[in-house]
>>> print(open('run.txt').read())   # compact mmCIF, C-alpha atoms
# COMPACT_ATOMS: atom_id res chain seq x y z
CA MET P 1 3.33 4.10 -4.50
CA LYS P 2 0.35 2.59 -2.72
CA LEU P 3 0.64 1.28 0.83
CA VAL P 4 -1.58 -1.82 1.17
CA ARG P 5 -0.57 -2.97 4.64
CA LYS P 6 1.96 -2.10 7.33
CA ASP P 7 2.71 -4.46 10.23
CA ILE P 8 5.65 -3.26 12.32
CA GLU P 9 6.16 -4.43 15.90
CA LYS P 10 7.47 -2.39 18.84
CA ASP P 11 10.97 -3.80 18.31
CA ASN P 12 10.81 -2.37 14.72
CA ALA P 13 10.66 -5.82 13.09
CA GLY P 14 7.84 -6.46 10.64
CA GLN P 15 6.67 -6.16 7.07
CA VAL P 16 4.97 -3.79 4.64
CA THR P 17 3.00 -4.53 1.48
CA LEU P 18 3.35 -1.97 -1.30
CA VAL P 19 2.21 -1.53 -4.91
CA PRO P 20 4.59 0.44 -7.19
CA GLU P 21 2.50 2.59 -9.54
CA GLU P 22 5.04 4.92 -11.22
CA PRO P 23 8.53 4.26 -12.67
CA GLU P 24 9.96 6.40 -9.84
CA ASP P 25 8.46 3.98 -7.30
CA MET P 26 11.09 1.44 -8.42
CA TRP P 27 13.78 3.89 -7.27
CA HIS P 28 12.07 4.18 -3.89
CA THR P 29 11.87 0.38 -3.67
CA TYR P 30 15.59 0.11 -4.53
CA ASN P 31 16.29 2.30 -1.50
CA LEU P 32 14.01 0.18 0.72
CA VAL P 33 15.29 -3.32 -0.12
CA GLN P 34 18.52 -4.45 1.52
CA VAL P 35 20.58 -7.64 1.54
CA GLY P 36 19.17 -9.97 4.24
CA ASP P 37 15.56 -8.75 3.87
CA SER P 38 12.86 -11.15 2.72
CA LEU P 39 10.86 -10.19 -0.36
CA ARG P 40 7.60 -11.87 -1.41
CA ALA P 41 6.32 -11.12 -4.91
CA SER P 42 4.75 -12.59 -8.03
CA THR P 43 7.26 -13.81 -10.63
CA ILE P 44 7.70 -15.98 -13.70
CA ARG P 45 9.58 -19.29 -13.35
CA LYS P 46 10.64 -21.67 -16.11
CA VAL P 47 9.52 -25.16 -15.03
CA GLN P 48 10.47 -28.51 -16.58
CA THR P 49 7.66 -31.00 -17.03
CA GLU P 50 7.76 -34.70 -17.91
CA SER P 51 4.86 -36.27 -19.77
CA SER P 52 3.55 -39.83 -19.34
CA THR P 53 5.60 -40.89 -22.36
CA GLY P 54 8.80 -39.65 -20.75
CA SER P 55 9.35 -36.62 -22.97
CA VAL P 56 10.65 -33.56 -21.15
CA GLY P 57 9.38 -30.05 -21.92
CA SER P 58 9.44 -26.69 -20.25
CA ASN P 59 6.92 -23.94 -19.75
CA ARG P 60 6.77 -20.64 -17.92
CA VAL P 61 4.46 -20.37 -14.92
CA ARG P 62 3.53 -17.43 -12.73
CA THR P 63 4.04 -18.12 -9.05
CA THR P 64 4.61 -16.22 -5.81
CA LEU P 65 8.01 -16.64 -4.17
CA THR P 66 9.59 -15.43 -0.93
CA LEU P 67 13.30 -14.74 -1.31
CA CYS P 68 16.06 -13.95 1.14
CA VAL P 69 17.65 -11.03 -0.70
CA GLU P 70 21.28 -11.46 -1.77
CA ALA P 71 21.69 -8.92 -4.61
CA ILE P 72 19.77 -5.89 -5.90
CA ASP P 73 20.16 -4.40 -9.39
CA PHE P 74 18.53 -1.13 -10.47
CA ASP P 75 18.50 0.21 -14.04
CA SER P 76 18.03 3.97 -13.63
CA GLN P 77 17.20 4.62 -17.30
CA ALA P 78 14.53 1.93 -17.64
CA CYS P 79 13.51 2.19 -13.95
CA GLN P 80 13.65 -1.59 -13.62
CA LEU P 81 14.49 -3.38 -10.38
CA ARG P 82 15.74 -6.98 -10.15
CA VAL P 83 16.19 -8.74 -6.83
CA LYS P 84 18.17 -12.00 -6.60
CA GLY P 85 18.02 -14.38 -3.67
CA THR P 86 17.25 -17.86 -2.38
CA ASN P 87 13.77 -19.27 -1.89
CA ILE P 88 12.88 -19.51 1.83
CA GLN P 89 9.25 -20.68 1.61
CA GLU P 90 7.80 -23.95 0.30
CA ASN P 91 6.66 -23.70 -3.33
CA GLU P 92 5.41 -26.36 -5.75
CA TYR P 93 7.72 -25.13 -8.54
CA VAL P 94 10.85 -23.96 -6.69
CA LYS P 95 12.85 -25.93 -4.14
CA MET P 96 13.87 -24.42 -0.81
CA GLY P 97 17.27 -22.74 -1.12
CA ALA P 98 17.06 -22.50 -4.94
CA TYR P 99 18.17 -19.22 -6.50
CA HIS P 100 15.74 -16.99 -8.35
CA THR P 101 15.64 -13.40 -9.63
CA ILE P 102 12.42 -11.42 -9.25
CA GLU P 103 11.85 -8.44 -11.51
CA LEU P 104 9.43 -6.20 -9.65
CA GLU P 105 6.60 -5.06 -11.90
CA PRO P 106 4.45 -1.90 -11.83
CA ASN P 107 0.97 -2.39 -10.33
CA ARG P 108 1.88 -5.78 -8.80
CA GLN P 109 2.15 -5.80 -5.03
CA PHE P 110 5.14 -7.06 -3.08
CA THR P 111 5.73 -7.66 0.62
CA LEU P 112 9.03 -6.63 2.19
CA ALA P 113 9.99 -7.95 5.64
CA LYS P 114 12.88 -6.64 7.76
CA LYS P 115 14.27 -7.49 11.16
CA GLN P 116 14.80 -3.77 11.76
CA TRP P 117 12.85 -0.92 10.12
CA ASP P 118 14.76 2.31 10.79
CA SER P 119 13.46 5.89 10.66
CA VAL P 120 15.06 6.70 7.27
CA VAL P 121 13.35 3.78 5.52
CA LEU P 122 9.97 4.50 7.13
CA GLU P 123 10.19 8.17 6.11
CA ARG P 124 10.93 7.14 2.52
CA ILE P 125 7.76 4.99 2.48
CA GLU P 126 5.75 8.00 3.67
CA GLN P 127 7.23 10.19 0.93
CA ALA P 128 6.72 7.55 -1.77
CA CYS P 129 3.06 7.10 -0.83
CA ASP P 130 2.34 10.85 -0.72
CA PRO P 131 0.75 11.93 -4.05
CA ALA P 132 2.18 15.44 -3.68
CA TRP P 133 5.68 14.03 -4.29
CA SER P 134 5.44 13.79 -8.08
CA ALA P 135 7.43 15.08 -11.05
CA ASP P 136 6.66 18.79 -10.83
CA VAL P 137 9.56 20.22 -12.84
CA ALA P 138 10.66 19.56 -16.42
CA ALA P 139 13.76 20.99 -18.05
CA VAL P 140 15.12 21.45 -21.56
CA VAL P 141 18.88 22.02 -21.32
CA MET P 142 20.17 23.00 -24.76
CA GLN P 143 22.82 24.52 -26.98
CA GLU P 144 22.92 24.67 -30.78
CA GLY P 145 22.63 21.07 -31.99
CA LEU P 146 22.28 19.41 -28.55
CA ALA P 147 19.37 19.23 -26.11
CA HIS P 148 18.43 17.10 -23.09
CA ILE P 149 14.80 16.83 -22.02
CA CYS P 150 14.69 15.97 -18.31
CA LEU P 151 12.06 15.36 -15.65
CA VAL P 152 13.05 16.51 -12.17
CA THR P 153 11.11 14.46 -9.63
CA PRO P 154 11.61 14.79 -5.86
CA SER P 155 13.89 11.74 -5.96
CA MET P 156 15.70 11.72 -9.25
CA THR P 157 16.55 13.55 -12.47
CA LEU P 158 15.41 11.44 -15.42
CA THR P 159 16.75 12.14 -18.91
CA ARG P 160 13.74 11.41 -21.07
CA ALA P 161 15.24 12.36 -24.45
CA LYS P 162 18.47 13.51 -26.05
CA VAL P 163 18.32 15.42 -29.33
CA GLU P 164 21.45 15.79 -31.43
CA VAL P 165 21.56 17.47 -34.86
CA ASN P 166 24.69 18.49 -36.74
CA ILE P 167 24.48 22.26 -37.34
CA PRO P 168 26.78 23.52 -40.18
CA ARG P 169 28.62 26.78 -39.57
CA LYS P 170 27.30 30.00 -41.06
CA ARG P 171 29.06 30.87 -44.32
CA LYS P 172 29.62 34.36 -45.55
CA GLY P 173 26.66 35.35 -47.70
CA ASN P 174 24.97 31.95 -47.30
CA CYS P 175 23.30 30.92 -44.05
CA SER P 176 20.58 28.72 -45.56
CA GLN P 177 22.15 25.36 -44.58
CA HIS P 178 22.75 26.56 -41.02
CA ASP P 179 19.19 27.91 -40.70
CA ARG P 180 17.56 24.77 -42.13
CA ALA P 181 19.53 22.50 -39.76
CA LEU P 182 18.68 24.75 -36.80
CA GLU P 183 14.98 24.65 -37.68
CA ARG P 184 15.14 20.85 -37.95
CA PHE P 185 16.81 20.73 -34.52
CA TYR P 186 14.18 23.01 -32.95
CA GLU P 187 11.38 20.91 -34.43
CA GLN P 188 12.81 17.69 -32.97
CA VAL P 189 13.12 19.34 -29.53
CA VAL P 190 9.47 20.51 -29.70
CA GLN P 191 8.36 16.96 -30.58
CA ALA P 192 10.39 15.54 -27.67
CA ILE P 193 8.82 18.07 -25.27
CA GLN P 194 5.32 17.09 -26.36
CA ARG P 195 6.13 13.39 -26.15
CA HIS P 196 7.78 13.33 -22.73
CA ILE P 197 6.35 16.20 -20.65
CA HIS P 198 2.93 15.86 -19.01
CA PHE P 199 1.68 19.44 -18.85
CA ASP P 200 -1.13 18.57 -16.44
CA VAL P 201 1.47 17.46 -13.83
CA VAL P 202 4.46 19.79 -14.18
CA LYS P 203 4.38 23.22 -12.57
CA CYS P 204 7.27 24.62 -14.54
CA ILE P 205 9.35 23.85 -17.65
CA LEU P 206 12.84 25.32 -17.58
CA VAL P 207 14.46 26.18 -20.91
CA ALA P 208 18.15 26.63 -20.18
CA SER P 209 20.97 27.47 -22.60
CA PRO P 210 24.00 29.67 -23.21
CA GLY P 211 23.59 32.83 -25.31
CA PHE P 212 20.33 33.46 -27.14
CA VAL P 213 19.54 29.83 -28.00
CA ARG P 214 16.66 29.60 -25.49
CA GLU P 215 15.00 32.82 -26.72
CA GLN P 216 15.28 31.77 -30.37
CA PHE P 217 13.95 28.30 -29.60
CA CYS P 218 10.97 29.57 -27.59
CA ASP P 219 10.13 32.10 -30.33
CA TYR P 220 10.19 29.29 -32.90
CA MET P 221 8.14 26.91 -30.72
CA PHE P 222 5.31 29.35 -30.02
CA GLN P 223 5.24 30.70 -33.60
CA GLN P 224 4.76 27.12 -34.80
CA ALA P 225 2.16 26.52 -32.08
CA VAL P 226 0.13 29.50 -33.37
CA LYS P 227 0.45 28.30 -36.99
CA THR P 228 -0.61 24.73 -36.17
CA ASP P 229 -3.13 25.78 -33.48
CA ASN P 230 -1.33 23.65 -30.89
CA LYS P 231 -3.55 24.33 -27.89
CA VAL P 232 -1.48 22.30 -25.40
CA LEU P 233 1.63 24.44 -25.93
CA LEU P 234 -0.29 27.73 -26.11
CA GLU P 235 -2.32 27.04 -22.94
CA ASN P 236 0.85 26.16 -21.01
CA ARG P 237 3.00 29.01 -22.32
CA SER P 238 3.20 30.61 -18.85
CA LYS P 239 4.89 27.47 -17.47
CA PHE P 240 7.97 27.95 -19.67
CA LEU P 241 10.77 29.78 -17.88
CA GLN P 242 13.96 30.84 -19.71
CA VAL P 243 17.20 30.71 -17.71
CA HIS P 244 20.93 30.70 -18.37
CA ALA P 245 23.05 27.53 -18.49
CA SER P 246 26.63 27.16 -19.67
CA SER P 247 25.93 24.24 -22.04
CA GLY P 248 23.34 21.76 -23.30
CA HIS P 249 24.69 18.93 -21.14
CA LYS P 250 22.70 17.46 -18.24
CA TYR P 251 25.14 18.70 -15.56
CA SER P 252 24.24 22.31 -16.49
CA LEU P 253 20.79 21.71 -15.01
CA LYS P 254 22.20 22.56 -11.56
CA GLU P 255 23.03 26.10 -12.77
CA ALA P 256 19.46 26.52 -14.00
CA LEU P 257 17.99 25.33 -10.68
CA CYS P 258 20.27 27.78 -8.81
CA ASP P 259 18.89 30.77 -10.70
CA PRO P 260 17.05 33.06 -8.20
CA THR P 261 14.00 33.43 -10.47
CA VAL P 262 13.75 29.65 -10.73
CA ALA P 263 14.24 29.19 -6.98
CA SER P 264 11.32 31.51 -6.21
CA ARG P 265 9.11 29.76 -8.78
CA LEU P 266 10.00 26.32 -7.43
CA SER P 267 10.16 27.22 -3.74
CA ASP P 268 7.92 24.31 -2.77
CA THR P 269 9.77 21.57 -4.63
CA LYS P 270 12.26 19.19 -3.02
CA ALA P 271 14.75 19.44 -5.92
CA ALA P 272 15.04 23.21 -5.54
CA GLY P 273 15.47 22.81 -1.77
CA GLU P 274 18.36 20.40 -2.27
CA VAL P 275 20.11 22.69 -4.75
CA LYS P 276 19.71 25.70 -2.42
CA ALA P 277 21.02 23.74 0.59
CA LEU P 278 24.12 22.64 -1.35
CA ASP P 279 24.63 26.18 -2.64
CA ASP P 280 24.39 27.52 0.95
CA PHE P 281 26.96 24.92 2.04
CA TYR P 282 29.45 25.98 -0.65
CA LYS P 283 28.98 29.67 0.24
CA MET P 284 29.55 28.88 3.92
CA LEU P 285 32.63 26.80 3.06
CA GLN P 286 34.04 29.77 1.16
CA HIS P 287 33.24 32.56 3.63
CA GLU P 288 33.07 30.82 7.03
CA PRO P 289 34.86 27.44 6.71
CA ASN P 290 34.49 26.80 10.46
CA ARG P 291 30.73 26.53 9.93
CA ALA P 292 30.84 24.03 7.04
CA PHE P 293 32.08 20.48 7.49
CA TYR P 294 32.03 17.32 5.39
CA GLY P 295 33.15 13.74 6.01
CA LEU P 296 31.42 11.43 8.48
CA LYS P 297 33.84 11.78 11.42
CA GLN P 298 33.91 15.57 11.28
CA VAL P 299 30.13 15.84 10.95
CA GLU P 300 29.65 13.42 13.87
CA LYS P 301 31.92 15.56 16.05
CA ALA P 302 30.00 18.70 15.08
CA ASN P 303 26.80 16.87 16.02
CA GLU P 304 28.24 15.96 19.44
CA ALA P 305 28.72 19.70 19.99
CA LEU P 306 25.01 20.22 19.02
CA ALA P 307 26.28 22.53 16.28
CA ILE P 308 24.47 21.16 13.20
CA ASP P 309 21.83 23.42 11.71
CA THR P 310 21.41 21.56 8.39
CA LEU P 311 22.61 18.03 7.60
CA LEU P 312 23.13 17.17 3.93
CA ILE P 313 23.35 13.43 3.31
CA SER P 314 23.19 11.25 0.18
CA ASP P 315 20.65 8.42 0.03
CA GLU P 316 23.31 6.08 -1.36
CA LEU P 317 24.91 5.96 2.11
CA PHE P 318 21.77 4.23 3.42
CA ARG P 319 22.32 1.45 0.87
CA HIS P 320 25.63 0.51 2.52
CA GLN P 321 26.02 -3.29 2.73
CA ASP P 322 27.54 -3.13 6.22
CA VAL P 323 24.71 -2.93 8.77
CA ALA P 324 26.87 -1.19 11.41
CA THR P 325 27.94 1.55 8.97
CA ARG P 326 24.37 2.08 7.76
CA SER P 327 23.15 2.27 11.38
CA ARG P 328 25.77 4.94 12.04
CA TYR P 329 24.25 7.17 9.35
CA VAL P 330 20.71 6.52 10.63
CA ARG P 331 21.77 7.46 14.20
CA LEU P 332 23.31 10.67 12.87
CA VAL P 333 20.07 11.62 11.06
CA ASP P 334 17.92 10.82 14.13
CA SER P 335 20.26 12.77 16.43
CA VAL P 336 20.26 15.90 14.25
CA LYS P 337 16.44 15.84 14.13
CA GLU P 338 16.24 15.41 17.92
CA ASN P 339 18.46 18.48 18.31
CA ALA P 340 16.10 20.59 16.15
CA GLY P 341 18.35 20.45 13.09
CA THR P 342 17.14 20.14 9.49
CA VAL P 343 17.97 16.95 7.56
CA ARG P 344 18.06 16.94 3.75
CA ILE P 345 18.44 13.51 2.18
CA PHE P 346 19.79 14.03 -1.35
CA SER P 347 19.00 11.66 -4.20
CA SER P 348 22.16 10.28 -5.82
CA LEU P 349 20.27 10.46 -9.14
CA HIS P 350 19.99 14.27 -8.90
CA VAL P 351 22.81 16.51 -10.11
CA SER P 352 22.99 18.00 -6.60
CA GLY P 353 23.25 14.49 -5.11
CA GLU P 354 26.09 13.63 -7.49
CA GLN P 355 27.97 16.71 -6.27
CA LEU P 356 27.37 15.84 -2.62
CA SER P 357 28.73 12.33 -3.27
CA GLN P 358 32.02 13.96 -4.31
CA LEU P 359 32.14 15.46 -0.78
CA THR P 360 31.95 11.95 0.79
CA GLY P 361 28.13 12.06 0.69
CA VAL P 362 27.68 13.78 4.06
CA ALA P 363 28.10 17.46 4.96
CA ALA P 364 26.75 19.94 7.49
CA ILE P 365 26.08 23.65 7.86
CA LEU P 366 26.71 24.59 11.50
CA ARG P 367 24.83 26.98 13.78
CA PHE P 368 28.06 28.44 15.14
CA PRO P 369 31.77 28.17 14.30
CA VAL P 370 33.62 25.15 15.66
CA PRO P 371 37.26 26.12 14.96
CA GLU P 372 38.98 23.42 16.99
CA LEU P 373 37.78 20.63 14.66
CA SER P 374 39.66 22.00 11.66
CA ASP P 375 42.97 21.72 13.53
CA GLN P 376 42.72 17.98 14.08
CA GLU P 377 44.68 15.48 12.01
CA ASP P 378 41.49 13.73 11.00
CA ASP P 379 40.37 16.65 8.85
CA SER P 380 37.12 17.09 7.01
CA SER P 381 38.44 15.61 3.80
CA SER P 382 38.78 12.17 5.42
CA GLU P 383 36.38 9.55 4.15
CA GLU P 384 34.01 7.60 6.31
CA ASP P 385 35.08 4.18 7.53
>>> encode(input="run.txt", output="structure tokens")
Amino acid sequence: MKLVRKDIEKDNAGQVTLVPEEPEDMWHTYNLVQVGDSLRASTIRKVQTESSTGSVGSNRVRTTLTLCVEAIDFDSQACQLRVKGTNIQENEYVKMGAYHTIELEPNRQFTLAKKQWDSVVLERIEQACDPAWSADVAAVVMQEGLAHICLVTPSMTLTRAKVEVNIPRKRKGNCSQHDRALERFYEQVVQAIQRHIHFDVVKCILVASPGFVREQFCDYMFQQAVKTDNKVLLENRSKFLQVHASSGHKYSLKEALCDPTVASRLSDTKAAGEVKALDDFYKMLQHEPNRAFYGLKQVEKANEALAIDTLLISDELFRHQDVATRSRYVRLVDSVKENAGTVRIFSSLHVSGEQLSQLTGVAAILRFPVPELSDQEDDSSSEED
């Protein structure tokens, strides 16, 4: 994401002009735009024209509109963002108050204006515009006949390809059908890796599977690379890291990211930090439940006692339609930071973020036990208002 201009007043009202450059930038934009904001961007509008003879035709024109945002739709697979609203600025093609849907496009700038820019939104802009926050981890999660090729960016886990091949069972004295199908499966996975993984960007490629599937696949891949003199694979061989996972489904990626060898290799990536924080929370919940709380009311009470060491919060909570509820989460984040606590904002498109959402989307690891909270009727399993 490129920041073109930023005009924010002392009362936190103002506007920013941004240019989305990567597909992931659309996800960042989705988290920035809220109902009630005004969005100015280039768009296509179908316009009816009447000729001198009275015949009516229509053509598509490119124009710049300013909308008051009413609905936001994000397609996580295609990384497309559509914003619907009413026109609030004079335009030769579109009447004031007319509805229109803008599909934000890569490499075309847009201007977003808000009455109140809060700290969470401003921090996301900083992260989105920092080139260091790029897709630095790729993963191949596989089992015999099924593989998912994923990119793990700081903000989301993208499934780039799914490979499925029917593998016949081994028959006594005849394994040729099984072996041929397995080889065909491995070859398709190798092709998907080469098509979807940018080796000049990623620091590490995890190959995760149950049993010996990962070892057999890697042996096959590098034997073929030697035979075909595939320099890209051979030069990046050291980036491949084999780890255990219980299956070839996407949710098994969390197990791979939890592996200690992976954690040390990926110590500087946001995704690994999120997984470790959630793992620490679960361990604390098991061994010292008075130092692990979840649910907004319980976490707020722990914060009042200045007890929060690490706050875990899902980014989907900041997309809440109710301004007062959203402000409540922002105040919690700001307060924890002021009290020297660590705040980890989890992406709801990461496997770790999906798990946190099942715990109401907000949890905390405490500096010291706070036993009296667990005795209250409003226990930690209560959902936020």
>>> closest_atom_pairs(input="run.txt", of="stretch 52-76 of chain P", to="stretch 336-356 of chain P", cutoff="12 Å", atoms="all atoms listed in the file", output="JSON lines")
{"residue": "P:Phe74", "atom": "CA", "partner": "P:Leu349", "partner_atom": "CA", "distance": 11.8}
{"residue": "P:Asp75", "atom": "CA", "partner": "P:Leu349", "partner_atom": "CA", "distance": 11.5}
{"residue": "P:Ser76", "atom": "CA", "partner": "P:Leu349", "partner_atom": "CA", "distance": 8.2}
>>> write_last_selection(input="run.txt", atoms="C-alpha atoms", output="tab-separated table (two decimals), keeping the file's coordinate frame")
chain	number	residue	atom	x	y	z
P	74	PHE	CA	18.53	-1.13	-10.47
P	75	ASP	CA	18.50	0.21	-14.04
P	76	SER	CA	18.03	3.97	-13.63
>>> residues_around(input="run.txt", residues="stretch 162-171 of chain P", least_positions_apart="3", cutoff="10 Å", atoms="only C-alpha atoms", output="number ranges by chain")
P: 140-150, 159, 174-186, 188-189, 192, 248-250
>>> residues_around(input="run.txt", residues="P:Asn87", least_positions_apart="3", cutoff="10 Å", atoms="all atoms listed in the file", output="PDB file with C-alpha atoms, in the frame of the given file")
ATOM      1  CA  SER P  38      12.860 -11.150   2.720  1.00  0.00           C
ATOM      2  CA  LEU P  39      10.860 -10.190  -0.360  1.00  0.00           C
ATOM      3  CA  ARG P  40       7.600 -11.870  -1.410  1.00  0.00           C
ATOM      4  CA  LEU P  65       8.010 -16.640  -4.170  1.00  0.00           C
ATOM      5  CA  THR P  66       9.590 -15.430  -0.930  1.00  0.00           C
ATOM      6  CA  LEU P  67      13.300 -14.740  -1.310  1.00  0.00           C
ATOM      7  CA  CYS P  68      16.060 -13.950   1.140  1.00  0.00           C
ATOM      8  CA  VAL P  69      17.650 -11.030  -0.700  1.00  0.00           C
ATOM      9  CA  LYS P  84      18.170 -12.000  -6.600  1.00  0.00           C
ATOM     10  CA  GLU P  90       7.800 -23.950   0.300  1.00  0.00           C
ATOM     11  CA  ASN P  91       6.660 -23.700  -3.330  1.00  0.00           C
ATOM     12  CA  VAL P  94      10.850 -23.960  -6.690  1.00  0.00           C
ATOM     13  CA  LYS P  95      12.850 -25.930  -4.140  1.00  0.00           C
ATOM     14  CA  MET P  96      13.870 -24.420  -0.810  1.00  0.00           C
ATOM     15  CA  GLY P  97      17.270 -22.740  -1.120  1.00  0.00           C
ATOM     16  CA  ALA P  98      17.060 -22.500  -4.940  1.00  0.00           C
ATOM     17  CA  TYR P  99      18.170 -19.220  -6.500  1.00  0.00           C
ATOM     18  CA  HIS P 100      15.740 -16.990  -8.350  1.00  0.00           C
ATOM     19  CA  THR P 101      15.640 -13.400  -9.630  1.00  0.00           C
TER      20      THR P 101
END
>>> atom_distance(input="run.txt", atom1="atom CA of P:Lys283", atom2="atom CA of P:Asp136")
27.2 Å
>>> atom_distance(input="run.txt", atom1="atom CA of P:Val120", atom2="atom CA of P:Ile102")
24.7 Å
>>> atom_distance(input="run.txt", atom1="atom CA of P:Glu300", atom2="atom CA of P:Thr360")
13.4 Å
>>> closest_residue(input="run.txt", among="P:Ile313, P:Met284, P:Leu81, P:Arg214", to="P:Leu241", atoms="only C-alpha atoms")
P:Arg214
>>> closest_residue(input="run.txt", among="P:Ser246, P:Lys239, P:Pro369, P:Ala208", to="P:His287", atoms="all atoms listed in the file")
P:Pro369
>>> closest_residue(input="run.txt", among="P:Asp280, P:Asp73, P:Glu215, P:Glu123", to="P:Phe240", atoms="all atoms listed in the file")
P:Glu215
>>> residues_around(input="run.txt", residues="P:Ala307", least_positions_apart="4", cutoff="7 Å", atoms="only C-alpha atoms", output="list of chain:residue names")
P:Ala302, P:Asn303, P:Leu366, P:Arg367, P:Phe368
>>> closest_residue(input="run.txt", among="P:Ala272, P:Leu278, P:Ala161, P:Ala245", to="P:Val137", atoms="all atoms listed in the file")
P:Ala272
>>> closest_residue(input="run.txt", among="P:Ala292, P:Val56, P:Val83, P:Val362", to="P:Thr43", atoms="all atoms listed in the file")
P:Val83
>>> residues_around(input="run.txt", residues="P:Leu234", least_positions_apart="3", cutoff="10 Å", atoms="only C-alpha atoms", output="list in words")
Met221, Phe222, Gln223, Ala225, Val226, Asp229, Asn230, Lys231, Arg237 and Ser238 of chain P
>>> closest_residue(input="run.txt", among="P:Val121, P:Ala41, P:Glu21, P:Val61", to="P:Arg326", atoms="all atoms listed in the file")
P:Val121
